[in-house]
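First comes the structure, then the notes that go with it.
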Amino acid sequence: MKISIATWNVNSVRAHLSTVEQFLAAKQPDVLCLQEIKVTNELFPLELFEAHGYVHHALHGQKAYHGVAIFSKAALPLEKVTRKHWCDIDQARHVYCTLPGGIELHNFYVPAGGDKPDAEINEKFRHKLDFMTEVSAWFKRRKRRKNRFVLVGDLNVAPLETDVWNHKQLLRVVSHTPIEVAHMDTWYASHDWVDAVRHFIPADENVYSWWSYRARDWELADKGRRLDHVWVTPALAPNLRGAEVFKPARGYQPASDHAPVIIELETE
DNA sequence: ATGCCGTATGATATACGA
């Protein structure tokens with residue numbers, strides 16, 4: 001069975017309900033992972049998702065900030081739902097569950113990291129680096145050859161030169177600094193992850209998934225970064241069938257500043 | 001270096017995003 005998995009930082013699910021609906025109508029992914037839902041589980045607008053056939057859900061929300069969630073169609077029940085916290089901080093940044101076929105799906109929202117890329121003076125940047133270090137150690141401990149894991153989310157790091165609109169200019173900008181990329185490299189190595197998007201799109205081609213609100217014309221300026229990722233473990237890499245950034249969603253009104261990333265995967 | 005814009009909050013300014 002071939003399924004599609006989408007990951008999208010919606011920048012508040014309640015503020016972008018109509019935008020979410022437009023995306024669901026357009027793409028109907030079998031599994032949808034959201035970040036920055038910015039709402040508690042109690043107040044989450046489940047009805048919209050149920051109306052589109054997403055009868056299974058795994059919510060990990062909180063008030064005002066962060067928050068992640070996973071949805072799936074009827075044929076794909078979500079089991080063993082786990083809400084995990086990192087760095088001893090009570091922030092909703094990770095939820096994971098198991099899909100039929102024993103695929104473990106991880107949905108992350110990595111800390112943005114604040115303005116200054118200096119862990120000595122910027123607590124948020126320290127947190128971002130520590131978060132990646134802790135998660136890396138966890139996956140490294142759990143590493144097994146047969147593990148079928150999918151990891152998605154807003155990882156808030158654009159690792160390759162072609163993942164940003166201007167490599168040199170962004171070297172000292174949070175999301176593309178060498179120390180962040182090094183931490184992401186450690187994470188990437190923790191389970192020999194395979195980057196599903198770069199599996200299909202060569203590394204010399206620019207790919208972005210986020211465009212700032214602060215440009216007059218985001219599409220024309222095209223000052224994007226690839227912050228949203230889908231990784232799979234080596235056992236699942238042969239099952240990858242496709243990957244794309246669904247750029248039209250960045251043009252929806254009102255828009256999230258992130259576009260969804262969608263992969264297709266054979267589950268057998 | 002800054003601003004540009006957007007979302008959320010016991011809000012009418014401030015924190016956060018990246």
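Please note that chains go A, B, ... in the order of the structure tokens, that every chain numbers its residues from 1, and that ligands are numbered from 1 in the order shown.
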
*Tell me the residues of chain A close to chain B, meaning within 9 Å using only C-alpha atoms (C1' of nucleotides), as a ChimeraX atom specification.*
/A:11-12,15,38,64-65,112-115,156,173-175,212-216,256-257

Would you write out those residues with C-alpha atoms, as a short mmCIF file (atom, residue, chain, number, x, y, z; two decimals), in the first residue's frame?
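The result, stored in part-v9.cif:
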data_model
loop_
_atom_site.label_atom_id
_atom_site.label_comp_id
_atom_site.auth_asym_id
_atom_site.auth_seq_id
_atom_site.Cartn_x
_atom_site.Cartn_y
_atom_site.Cartn_z
CA ASN A 11 1.47 28.80 12.27
CA SER A 12 -1.73 28.48 14.33
CA ALA A 15 -5.94 31.24 12.45
CA LYS A 38 -0.72 27.03 19.01
CA ALA A 64 -0.33 29.98 22.58
CA TYR A 65 2.95 28.46 21.44
CA ALA A 112 13.66 28.32 16.57
CA GLY A 113 16.68 29.54 18.51
CA GLY A 114 16.10 33.27 18.91
CA ASP A 115 18.08 36.01 17.20
CA ASN A 156 14.37 24.88 11.94
CA VAL A 173 21.86 33.87 10.64
CA VAL A 174 20.09 31.44 12.99
CA SER A 175 18.91 28.39 10.99
CA SER A 212 9.33 35.02 5.49
CA TYR A 213 6.21 37.11 5.89
CA ARG A 214 8.48 40.13 5.80
CA ALA A 215 8.99 40.30 2.07
CA ARG A 216 6.56 42.41 0.09
CA SER A 256 1.36 30.05 6.89
CA ASP A 257 4.92 31.13 6.21
#

*Backbone DSSP call of alpha helix (DSSP H) for stretch 194-252 of chain A, listed as a PyMOL selection string*: chain A and resi 196-200+218-221

Could you dump the residues just selected with C-alpha atoms as a short mmCIF file (atom, residue, chain, number, x, y, z; two decimals), in the first residue's frame?
data_model
loop_
_atom_site.label_atom_id
_atom_site.label_comp_id
_atom_site.auth_asym_id
_atom_site.auth_seq_id
_atom_site.Cartn_x
_atom_site.Cartn_y
_atom_site.Cartn_z
CA ALA A 196 13.57 11.92 1.62
CA VAL A 197 13.46 15.20 -0.27
CA ARG A 198 17.13 15.12 -1.26
CA HIS A 199 16.62 11.46 -2.21
CA PHE A 200 14.68 12.81 -5.20
CA TRP A 218 7.56 36.34 -1.04
CA GLU A 219 7.47 34.57 -4.39
CA LEU A 220 9.25 37.27 -6.33
CA ALA A 221 11.91 37.82 -3.65
#

Any idea what's packed within 10 Å of A:Met1, counting only C-alpha atoms (C1' of nucleotides), ignoring anything in its chain fewer than 5 positions away? Could you give it as a compact mmCIF listing (two decimals) with C-alpha atoms, in the first residue's frame?
# COMPACT_ATOMS: atom_id res chain seq x y z
CA GLY A 101 3.08 -2.00 9.10
CA LEU A 265 5.99 5.77 0.76
CA GLU A 266 5.29 2.10 0.11
CA THR A 267 4.35 0.52 3.43
CA GLU A 268 4.77 -3.16 2.53

_Every residue of stretch 74-253 of chain A that DSSP places in strand (DSSP E), as a ChimeraX atom specification_ = /A:79-83,94-99,103-109,149-154,194-195,210-211,224-225,228-232,240-245

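Relative to atom CA of A:His56, atom CA of A:Leu151 is found at 18.7 Å.
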
*So which residues touch A:Ala92 within 7 Å, counting only C-alpha atoms (C1' of nucleotides), skipping near sequence neighbours fewer than 3 positions away, as a list in words?*
His60, Gly61, Gln62, His66, Gly67, Val68 and His85 of chain A

Write the residues of the selection above to a file with N, CA and C atoms, as a short mmCIF file (atom, residue, chain, number, x, y, z; two decimals), in the first residue's frame.
data_model
loop_
_atom_site.label_atom_id
_atom_site.label_comp_id
_atom_site.auth_asym_id
_atom_site.auth_seq_id
_atom_site.Cartn_x
_atom_site.Cartn_y
_atom_site.Cartn_z
N HIS A 60 -0.67 16.90 20.58
CA HIS A 60 0.20 17.32 21.68
C HIS A 60 0.28 18.84 21.61
N GLY A 61 -0.74 19.46 22.16
CA GLY A 61 -0.82 20.92 22.09
C GLY A 61 -0.50 21.59 23.40
N GLN A 62 -0.41 22.89 23.34
CA GLN A 62 -0.29 23.72 24.54
C GLN A 62 -0.83 25.09 24.18
N HIS A 66 3.94 26.75 20.09
CA HIS A 66 4.38 25.39 19.74
C HIS A 66 3.18 24.46 19.47
N GLY A 67 3.33 23.22 19.84
CA GLY A 67 2.24 22.26 19.66
C GLY A 67 2.35 21.51 18.34
N VAL A 68 2.18 20.18 18.42
CA VAL A 68 2.29 19.32 17.24
C VAL A 68 1.10 18.35 17.23
N HIS A 85 8.68 15.12 26.06
CA HIS A 85 9.30 16.42 26.34
C HIS A 85 10.81 16.28 26.37
#
